[in-house]
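Structure file protein00.cif; described as mmCIF, C-alpha atoms.
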```
data_my_file
loop_
_atom_site.group_PDB
_atom_site.id
_atom_site.type_symbol
_atom_site.label_atom_id
_atom_site.label_comp_id
_atom_site.auth_asym_id
_atom_site.auth_seq_id
_atom_site.Cartn_x
_atom_site.Cartn_y
_atom_site.Cartn_z
ATOM 1 C CA MET Q 8 -19.380 -8.421 45.742
ATOM 2 C CA CYS Q 9 -18.925 -11.627 43.746
ATOM 3 C CA GLU Q 10 -22.385 -11.181 42.242
ATOM 4 C CA ARG Q 11 -21.443 -7.694 41.034
ATOM 5 C CA ILE Q 12 -18.180 -8.928 39.519
ATOM 6 C CA VAL Q 13 -19.888 -11.806 37.715
ATOM 7 C CA ALA Q 14 -22.661 -9.528 36.422
ATOM 8 C CA LYS Q 15 -20.144 -7.102 34.899
ATOM 9 C CA TYR Q 16 -17.383 -9.424 33.675
ATOM 10 C CA GLY Q 17 -19.137 -12.745 33.102
ATOM 11 C CA HIS Q 18 -16.768 -14.984 35.044
ATOM 12 C CA THR Q 19 -17.938 -18.338 36.372
ATOM 13 C CA HIS Q 20 -18.189 -17.927 40.151
ATOM 14 C CA LEU Q 21 -16.961 -20.776 42.337
ATOM 15 C CA SER Q 22 -16.986 -20.535 46.126
ATOM 16 C CA ALA Q 23 -14.554 -22.847 47.881
ATOM 17 C CA GLY Q 24 -16.657 -22.633 51.032
ATOM 18 C CA ASP Q 25 -19.897 -23.429 49.211
ATOM 19 C CA LEU Q 26 -18.319 -26.469 47.569
ATOM 20 C CA LEU Q 27 -17.200 -27.747 50.959
ATOM 21 C CA ARG Q 28 -20.595 -27.139 52.541
ATOM 22 C CA ASP Q 29 -22.311 -28.945 49.653
ATOM 23 C CA GLU Q 30 -20.019 -31.904 50.307
ATOM 24 C CA VAL Q 31 -20.978 -31.793 53.988
ATOM 25 C CA LYS Q 32 -24.688 -31.716 53.115
ATOM 26 C CA SER Q 33 -24.236 -34.765 50.900
ATOM 27 C CA GLY Q 34 -23.563 -36.822 54.027
ATOM 28 C CA SER Q 35 -20.514 -38.491 52.487
ATOM 29 C CA GLU Q 36 -17.659 -39.717 54.625
ATOM 30 C CA LEU Q 37 -15.497 -36.966 53.168
ATOM 31 C CA GLY Q 38 -18.200 -34.447 54.047
ATOM 32 C CA LYS Q 39 -18.278 -35.602 57.657
ATOM 33 C CA GLN Q 40 -14.491 -35.222 57.937
ATOM 34 C CA CYS Q 41 -14.636 -31.740 56.398
ATOM 35 C CA GLU Q 42 -17.412 -30.685 58.771
ATOM 36 C CA ALA Q 43 -15.382 -31.653 61.840
ATOM 37 C CA ILE Q 44 -12.371 -29.694 60.554
ATOM 38 C CA MET Q 45 -14.437 -26.604 59.695
ATOM 39 C CA LYS Q 46 -16.074 -26.532 63.125
ATOM 40 C CA GLU Q 47 -12.596 -26.206 64.611
ATOM 41 C CA GLY Q 48 -11.900 -23.206 62.380
ATOM 42 C CA LYS Q 49 -9.075 -25.111 60.681
ATOM 43 C CA LEU Q 50 -8.298 -25.528 56.988
ATOM 44 C CA VAL Q 51 -9.545 -28.522 55.031
ATOM 45 C CA PRO Q 52 -6.669 -30.487 53.395
ATOM 46 C CA MET Q 53 -5.665 -28.796 50.166
ATOM 47 C CA GLU Q 54 -5.991 -31.979 48.102
ATOM 48 C CA VAL Q 55 -9.703 -32.050 48.989
ATOM 49 C CA ILE Q 56 -10.553 -28.446 48.178
ATOM 50 C CA ILE Q 57 -8.443 -28.348 44.983
ATOM 51 C CA GLY Q 58 -10.108 -31.557 43.830
ATOM 52 C CA LEU Q 59 -13.549 -30.054 44.439
ATOM 53 C CA LEU Q 60 -12.608 -26.833 42.621
ATOM 54 C CA ARG Q 61 -11.112 -28.601 39.652
ATOM 55 C CA ALA Q 62 -14.157 -30.829 39.243
ATOM 56 C CA ALA Q 63 -16.489 -27.815 39.479
ATOM 57 C CA MET Q 64 -14.463 -25.922 36.857
ATOM 58 C CA VAL Q 65 -14.734 -28.817 34.424
ATOM 59 C CA ARG Q 66 -18.474 -29.267 35.045
ATOM 60 C CA SER Q 67 -19.167 -25.566 34.499
ATOM 61 C CA GLY Q 68 -17.689 -25.493 30.998
ATOM 62 C CA GLY Q 69 -16.430 -21.964 31.724
ATOM 63 C CA SER Q 70 -13.168 -20.433 30.551
ATOM 64 C CA SER Q 71 -12.644 -17.689 33.162
ATOM 65 C CA PHE Q 72 -13.297 -18.119 36.856
ATOM 66 C CA LEU Q 73 -13.830 -16.047 39.953
ATOM 67 C CA ILE Q 74 -12.794 -18.278 42.863
ATOM 68 C CA ASP Q 75 -14.041 -17.003 46.198
ATOM 69 C CA GLY Q 76 -12.375 -17.848 49.522
ATOM 70 C CA PHE Q 77 -9.322 -19.573 48.055
ATOM 71 C CA PRO Q 78 -6.397 -20.071 48.488
ATOM 72 C CA ARG Q 79 -6.302 -19.924 52.282
ATOM 73 C CA ALA Q 80 -2.670 -21.047 52.590
ATOM 74 C CA LEU Q 81 0.495 -20.734 50.514
ATOM 75 C CA ASP Q 82 0.787 -24.461 49.815
ATOM 76 C CA GLN Q 83 -2.789 -24.400 48.482
ATOM 77 C CA ALA Q 84 -1.851 -21.604 46.073
ATOM 78 C CA GLU Q 85 1.266 -23.401 44.870
ATOM 79 C CA MET Q 86 -0.511 -26.726 44.325
ATOM 80 C CA PHE Q 87 -3.468 -25.101 42.543
ATOM 81 C CA GLU Q 88 -1.168 -23.300 40.126
ATOM 82 C CA ARG Q 89 0.723 -26.532 39.406
ATOM 83 C CA MET Q 90 -2.396 -28.685 38.963
ATOM 84 C CA VAL Q 91 -4.823 -26.202 37.393
ATOM 85 C CA LYS Q 92 -3.489 -22.793 36.269
ATOM 86 C CA PRO Q 93 -1.826 -19.643 37.658
ATOM 87 C CA ALA Q 94 -3.986 -16.851 39.015
ATOM 88 C CA GLU Q 95 -4.230 -13.705 36.896
ATOM 89 C CA LEU Q 96 -5.488 -11.366 39.613
ATOM 90 C CA VAL Q 97 -5.899 -11.690 43.388
ATOM 91 C CA LEU Q 98 -8.203 -9.361 45.333
ATOM 92 C CA ALA Q 99 -7.708 -9.164 49.100
ATOM 93 C CA PHE Q 100 -10.526 -7.357 50.909
ATOM 94 C CA ASP Q 101 -9.228 -5.736 54.099
ATOM 95 C CA CYS Q 102 -11.566 -5.422 57.064
ATOM 96 C CA PRO Q 103 -10.831 -4.825 60.796
ATOM 97 C CA GLU Q 104 -11.495 -7.870 62.962
ATOM 98 C CA GLU Q 105 -14.203 -6.180 65.029
ATOM 99 C CA VAL Q 106 -16.112 -5.154 61.895
ATOM 100 C CA MET Q 107 -15.745 -8.597 60.387
ATOM 101 C CA GLU Q 108 -16.871 -10.342 63.562
ATOM 102 C CA ALA Q 109 -19.975 -8.188 63.751
ATOM 103 C CA ARG Q 110 -20.819 -8.943 60.107
ATOM 104 C CA LEU Q 111 -20.304 -12.693 60.533
ATOM 105 C CA LEU Q 112 -22.427 -12.840 63.679
ATOM 106 C CA LYS Q 113 -25.154 -10.942 61.848
ATOM 107 C CA ARG Q 114 -24.915 -13.399 58.967
ATOM 108 C CA GLY Q 115 -25.132 -16.261 61.448
ATOM 109 C CA GLU Q 116 -28.628 -15.191 62.430
ATOM 110 C CA THR Q 117 -29.954 -16.450 59.090
ATOM 111 C CA SER Q 118 -27.158 -18.459 57.405
ATOM 112 C CA GLY Q 119 -27.601 -21.679 59.353
ATOM 113 C CA ARG Q 120 -23.820 -22.177 59.174
ATOM 114 C CA SER Q 121 -22.305 -24.035 62.109
ATOM 115 C CA ASP Q 122 -19.110 -21.949 61.907
ATOM 116 C CA ASP Q 123 -20.879 -18.571 62.244
ATOM 117 C CA ASN Q 124 -20.406 -18.321 66.001
ATOM 118 C CA ALA Q 125 -18.079 -16.171 68.118
ATOM 119 C CA ALA Q 126 -15.740 -18.979 69.210
ATOM 120 C CA THR Q 127 -15.195 -20.369 65.699
ATOM 121 C CA ILE Q 128 -14.901 -16.883 64.205
ATOM 122 C CA ARG Q 129 -11.998 -16.045 66.542
ATOM 123 C CA LYS Q 130 -10.256 -19.317 65.622
ATOM 124 C CA ARG Q 131 -10.711 -18.456 61.956
ATOM 125 C CA PHE Q 132 -9.090 -15.065 62.560
ATOM 126 C CA GLU Q 133 -6.076 -16.793 64.107
ATOM 127 C CA THR Q 134 -5.853 -19.178 61.159
ATOM 128 C CA PHE Q 135 -6.084 -16.268 58.724
ATOM 129 C CA VAL Q 136 -3.190 -14.409 60.345
ATOM 130 C CA SER Q 137 -0.925 -17.470 60.492
ATOM 131 C CA GLN Q 138 -1.733 -19.078 57.135
ATOM 132 C CA SER Q 139 -3.582 -16.693 54.817
ATOM 133 C CA LEU Q 140 -1.566 -13.487 55.226
ATOM 134 C CA PRO Q 141 1.521 -15.166 53.661
ATOM 135 C CA VAL Q 142 -0.612 -15.862 50.571
ATOM 136 C CA ILE Q 143 -1.348 -12.153 50.206
ATOM 137 C CA ALA Q 144 2.340 -11.289 50.632
ATOM 138 C CA HIS Q 145 3.303 -13.899 48.012
ATOM 139 C CA TYR Q 146 0.956 -12.535 45.342
ATOM 140 C CA GLU Q 147 1.871 -8.938 46.191
ATOM 141 C CA GLN Q 148 5.492 -9.791 45.414
ATOM 142 C CA LEU Q 149 4.327 -11.128 42.044
ATOM 143 C CA GLY Q 150 2.406 -7.903 41.414
ATOM 144 C CA LYS Q 151 -0.886 -9.804 41.178
ATOM 145 C CA CYS Q 152 -2.526 -9.010 44.532
ATOM 146 C CA HIS Q 153 -4.421 -5.801 45.250
ATOM 147 C CA ARG Q 154 -5.745 -4.918 48.702
ATOM 148 C CA ILE Q 155 -9.130 -3.241 48.826
ATOM 149 C CA SER Q 156 -10.815 -1.884 51.927
ATOM 150 C CA ALA Q 157 -14.100 -3.697 52.552
ATOM 151 C CA VAL Q 158 -15.286 -1.116 55.092
ATOM 152 C CA PRO Q 159 -16.911 1.429 52.686
ATOM 153 C CA PRO Q 160 -20.353 0.854 51.133
ATOM 154 C CA PRO Q 161 -20.490 -1.920 48.507
ATOM 155 C CA GLU Q 162 -20.721 0.593 45.635
ATOM 156 C CA GLU Q 163 -17.388 2.186 46.581
ATOM 157 C CA VAL Q 164 -15.717 -1.181 47.090
ATOM 158 C CA PHE Q 165 -16.880 -2.298 43.639
ATOM 159 C CA GLU Q 166 -15.454 0.850 42.038
ATOM 160 C CA ALA Q 167 -12.047 -0.128 43.429
ATOM 161 C CA VAL Q 168 -12.520 -3.665 42.113
ATOM 162 C CA GLN Q 169 -13.249 -2.341 38.615
ATOM 163 C CA ALA Q 170 -10.134 -0.154 38.625
ATOM 164 C CA HIS Q 171 -7.901 -3.098 39.519
ATOM 165 C CA ARG Q 172 -9.705 -5.345 37.033
ATOM 166 C CA SER Q 173 -8.986 -2.884 34.214
ATOM 167 C CA ARG Q 174 -5.286 -2.858 35.056
ATOM 168 C CA MET Q 175 -5.268 -6.648 35.036
ATOM 169 C CA ALA Q 176 -6.949 -6.725 31.628
ATOM 170 C CA ALA Q 177 -4.185 -4.540 30.216
ATOM 171 C CA LEU Q 178 -1.527 -6.860 31.605
ATOM 172 C CA SER Q 179 -3.269 -10.031 30.450
ATOM 173 C CA LEU Q 180 -3.368 -8.683 26.885
ATOM 174 C CA ASN Q 181 0.364 -7.952 27.140
ATOM 175 C CA VAL Q 182 -0.022 -4.272 26.229
ATOM 176 C CA GLN Q 183 3.470 -2.981 25.582
ATOM 177 C CA ILE Q 184 5.510 -1.184 22.970
ATOM 178 C CA GLY Q 185 7.317 -4.088 21.355
ATOM 179 C CA ASP Q 186 6.683 -6.900 18.893
ATOM 180 C CA GLU Q 187 2.957 -6.517 18.078
ATOM 181 C CA THR Q 188 1.606 -6.843 14.582
ATOM 182 C CA ILE Q 189 -0.859 -4.257 13.330
ATOM 183 C CA GLU Q 190 -3.668 -6.776 13.834
ATOM 184 C CA ASP Q 191 -2.596 -7.291 17.479
ATOM 185 C CA VAL Q 192 -2.680 -3.571 18.175
ATOM 186 C CA VAL Q 193 -6.039 -3.037 16.453
ATOM 187 C CA GLN Q 194 -7.513 -5.878 18.495
ATOM 188 C CA LYS Q 195 -6.328 -4.238 21.725
ATOM 189 C CA ILE Q 196 -7.646 -0.837 20.633
ATOM 190 C CA ASN Q 197 -11.086 -2.325 19.967
ATOM 191 C CA TYR Q 198 -11.086 -4.103 23.330
ATOM 192 C CA PHE Q 199 -10.151 -1.029 25.349
ATOM 193 C CA GLU Q 200 -12.530 1.232 23.425
ATOM 194 C CA ARG Q 201 -15.337 -1.061 24.605
ATOM 195 C CA SER Q 202 -13.938 -0.986 28.123
ATOM 196 C CA LEU Q 203 -13.883 2.811 28.060
ATOM 197 C CA VAL Q 204 -17.607 2.934 27.257
ATOM 198 C CA VAL Q 205 -18.488 0.984 30.421
ATOM 199 C CA ALA Q 206 -15.794 2.445 32.684
ATOM 200 C CA ALA Q 207 -17.357 3.316 36.027
ATOM 201 C CA THR Q 208 -14.805 5.674 37.597
ATOM 202 C CA SER Q 209 -12.861 8.729 36.450
ATOM 203 C CA GLU Q 210 -9.606 6.969 37.417
ATOM 204 C CA GLU Q 211 -10.479 4.020 35.193
ATOM 205 C CA ARG Q 212 -11.479 6.288 32.269
ATOM 206 C CA LEU Q 213 -8.243 8.278 32.559
ATOM 207 C CA ALA Q 214 -6.100 5.140 32.580
ATOM 208 C CA LEU Q 215 -7.919 3.688 29.569
ATOM 209 C CA THR Q 216 -7.710 6.975 27.629
ATOM 210 C CA LYS Q 217 -3.951 7.119 28.164
ATOM 211 C CA LEU Q 218 -3.567 3.482 27.152
ATOM 212 C CA LEU Q 219 -5.582 3.995 23.967
ATOM 213 C CA ALA Q 220 -3.429 6.966 22.983
ATOM 214 C CA GLU Q 221 -0.291 4.823 23.309
ATOM 215 C CA LEU Q 222 -1.845 2.010 21.272
ATOM 216 C CA ARG Q 223 -2.978 4.341 18.476
ATOM 217 C CA ALA Q 224 0.512 5.814 18.301
ATOM 218 C CA ARG Q 225 1.903 2.284 18.059
ATOM 219 C CA GLU Q 226 -0.562 1.442 15.265
ATOM 220 C CA ASN Q 227 0.563 4.495 13.275
ATOM 221 C CA GLN Q 228 4.204 3.544 13.796
ATOM 222 C CA LEU Q 229 3.647 -0.023 12.581
ATOM 223 C CA ARG Q 230 1.704 1.141 9.513
ATOM 224 C CA SER Q 231 4.522 3.534 8.650
ATOM 225 C CA GLU Q 232 7.068 0.715 8.955
ATOM 226 C CA GLU Q 233 4.889 -1.559 6.823
ATOM 227 C CA ASN Q 234 4.609 1.071 4.091
ATOM 228 C CA GLN Q 235 8.377 1.496 4.088
ATOM 229 C CA VAL Q 236 8.943 -2.244 3.773
ATOM 230 C CA LEU Q 237 6.455 -2.450 0.899
ATOM 231 C CA ALA Q 238 8.266 0.372 -0.840
ATOM 232 C CA ASP Q 239 11.539 -1.498 -0.418
ATOM 233 C CA LEU Q 240 10.015 -4.628 -1.933
ATOM 234 C CA GLU Q 241 9.501 -2.761 -5.197
ATOM 235 C CA ALA Q 242 13.263 -2.927 -5.573
ATOM 236 C CA PHE Q 243 13.282 -6.617 -4.679
ATOM 237 C CA PHE Q 244 14.418 -7.861 -8.096
ATOM 238 C CA GLY Q 245 17.777 -6.136 -7.694
ATOM 239 C CA VAL Q 246 20.594 -7.377 -5.475
ATOM 240 C CA THR Q 247 20.766 -4.014 -3.780
ATOM 241 C CA GLY Q 248 17.037 -4.124 -3.159
ATOM 242 C CA PHE Q 249 17.371 -7.552 -1.574
ATOM 243 C CA PHE Q 250 19.881 -6.395 1.016
ATOM 244 C CA VAL Q 251 17.892 -3.233 1.764
ATOM 245 C CA VAL Q 252 14.758 -5.289 2.449
ATOM 246 C CA MET Q 253 16.573 -7.761 4.669
ATOM 247 C CA ALA Q 254 18.378 -5.028 6.610
ATOM 248 C CA ARG Q 255 15.174 -3.089 7.236
ATOM 249 C CA LEU Q 256 13.266 -6.200 8.291
ATOM 250 C CA ALA Q 257 16.105 -7.222 10.591
ATOM 251 C CA ARG Q 258 15.984 -3.806 12.283
ATOM 252 C CA ARG Q 259 12.208 -4.102 12.594
ATOM 253 C CA LEU Q 260 12.504 -7.547 14.205
ATOM 254 C CA GLY Q 261 15.259 -6.374 16.512
ATOM 255 C CA GLY Q 262 17.438 -9.403 15.866
ATOM 256 C CA LYS Q 263 19.474 -11.402 13.348
ATOM 257 C CA TYR Q 264 18.163 -12.796 10.093
ATOM 258 C CA SER Q 265 18.924 -15.465 7.560
ATOM 259 C CA GLY Q 266 17.449 -16.117 4.163
ATOM 260 C CA ALA Q 267 17.823 -17.718 0.735
ATOM 261 C CA CYS Q 268 16.359 -16.729 -2.615
ATOM 262 C CA ALA Q 269 15.849 -18.623 -5.874
ATOM 263 C CA GLU Q 270 13.036 -16.726 -7.585
ATOM 264 C CA PRO Q 271 11.223 -13.416 -6.894
ATOM 265 C CA ASP Q 272 8.229 -15.296 -5.444
ATOM 266 C CA SER Q 273 10.365 -17.432 -3.132
ATOM 267 C CA GLN Q 274 9.571 -17.673 0.558
ATOM 268 C CA TRP Q 275 11.847 -15.793 2.919
ATOM 269 C CA LEU Q 276 12.649 -17.308 6.282
ATOM 270 C CA LEU Q 277 13.481 -14.690 8.909
ATOM 271 C CA ALA Q 278 14.793 -15.770 12.301
ATOM 272 C CA ASP Q 279 14.549 -13.459 15.312
ATOM 273 C CA HIS Q 280 16.470 -15.084 18.171
ATOM 274 C CA GLY Q 281 14.844 -18.440 17.544
ATOM 275 C CA SER Q 282 11.379 -17.310 16.411
ATOM 276 C CA LYS Q 283 10.369 -17.871 12.780
ATOM 277 C CA ARG Q 284 8.395 -15.580 10.525
ATOM 278 C CA HIS Q 285 7.640 -15.882 6.808
ATOM 279 C CA LEU Q 286 7.340 -13.194 4.182
ATOM 280 C CA GLU Q 287 5.941 -14.197 0.812
#
```
Go ahead and render the structure in this file as structure tokens.
Amino acid sequence: MCERIVAKYGHTHLSAGDLLRDEVKSGSELGKQCEAIMKEGKLVPMEVIIGLLRAAMVRSGGSSFLIDGFPRALDQAEMFERMVKPAELVLAFDCPEEVMEARLLKRGETSGRSDDNAATIRKRFETFVSQSLPVIAHYEQLGKCHRISAVPPPEEVFEAVQAHRSRMAALSLNVQIGDETIEDVVQKINYFERSLVVAATSEERLALTKLLAELRARENQLRSEENQVLADLEAFFGVTGFFVVMARLARRLGGKYSGACAEPDSQWLLADHGSKRHLE
């Protein structure tokens, strides 16, 4: 599934498990300690795994990352977000224990992994219930975690992934009716028009079509407001025109304003609850 996600979205893929196993293969003292912990089905200390992830992120030179198999515990999530950055989207793939055990045992026939055996798998299930489920609950409360059934064929699972990824993209671009400039809105329209072309499911296409309609309406509204402000500026040389311009801009900003004028080409300083904007 990670390969499909990377192929479509271009993230840098980092596997927490692979990083740990590479450390074990290196034969380092740290690797030996990690190997003993992993054989018991327990979690490696979070300082170790976060250090490995952070170093791998820097080495990769990437800017967006798909981190597989992490965080496994709530304290890991909290420390990672303090030391590195907050997660934008969390995907939790649901799978019944009996199905998962069968898949892992099948993988163990060729993986060569010491933890792909029935005894360790059951210990890992116990660890997941006690330590990893709270992570899912935490991110669900933040509205960032989406559960996806991993039982259907990979194609169906990936369709669900794409639908959730599209919703995340909308949130990450802060799509809302509010304080955007025309340039902001046009940028979002262009982005989601491209997303619509490659949308894989009817649900995704419907959501993107609705979003684009809202953005185009917002663009028209902003252009209308801009034209009105420009018309008001034609009266700028008069005192009445000055107050009309400032009143209209204040309404557009949704807050208070202050300003001073010496000549018609002076710079106007508008303050909107602490933010500063300039109109020349």
Could you check the closest approach to Q:Met45 for each of Q:Val193, Q:Met90, Q:Leu73, Q:Ile128 and tell me which residue wins, using only C-alpha atoms?
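Of Q:Val193, Q:Met90, Q:Leu73, Q:Ile128, the one nearest Q:Met45, counting only C-alpha atoms, is Q:Ile128.
When all atoms listed in the file are used to compute distances to Q:Glu226, the closest of the residues Q:Leu27, Q:Cys152, Q:Ile196, Q:Leu81 turns out to be Q:Ile196.
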Let me know the residues the PyMOL selection byres ((chain Q and resi 150) around 12) catches in the file above, as a list in words.
Ala94, Glu95, Leu96, Val97, Leu98, Ile143, Ala144, His145, Tyr146, Glu147, Gln148, Leu149, Lys151, Cys152, His153, Arg154, His171, Arg174, Met175 and Leu178 of chain Q
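Atom pair atom CA of Q:Leu213 / atom CA of Q:Tyr16: separated by 20.0 Å.
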Could you pull the residues within 9 Å of Q:Ile57, counting all atoms listed in the file, minus those fewer than 4 positions along the same chain, as a ChimeraX atom specification?
/Q:23,52-53,61-62,83,86-87,90-91
Just so the selection is clear, what residues does the PyMOL selection byres ((chain Q and resi 195) around 9) cover here, as an NGL selection string?
:Q and (177 or 180 or 182 or 190-194 or 196-200 or 219 or 222)
Give me, as an mmCIF file with C-alpha atoms, keeping the file's coordinate frame, all polymer residues having an atom no more than 9 Å from Q:Ala167, counting only C-alpha atoms and skipping those fewer than 5 positions away in the same chain.
```
data_model
loop_
_atom_site.group_PDB
_atom_site.id
_atom_site.type_symbol
_atom_site.label_atom_id
_atom_site.label_comp_id
_atom_site.auth_asym_id
_atom_site.auth_seq_id
_atom_site.Cartn_x
_atom_site.Cartn_y
_atom_site.Cartn_z
ATOM 1 C CA ILE Q 155 -9.130 -3.241 48.826
ATOM 2 C CA SER Q 156 -10.815 -1.884 51.927
ATOM 3 C CA GLU Q 162 -20.721 0.593 45.635
ATOM 4 C CA ARG Q 172 -9.705 -5.345 37.033
ATOM 5 C CA THR Q 208 -14.805 5.674 37.597
#
```
From the options Q:Met64, Q:Leu218, Q:Leu37, Q:Ile44, which residue's atoms come nearest to Q:Leu21, counting all atoms listed in the file?
Q:Met64
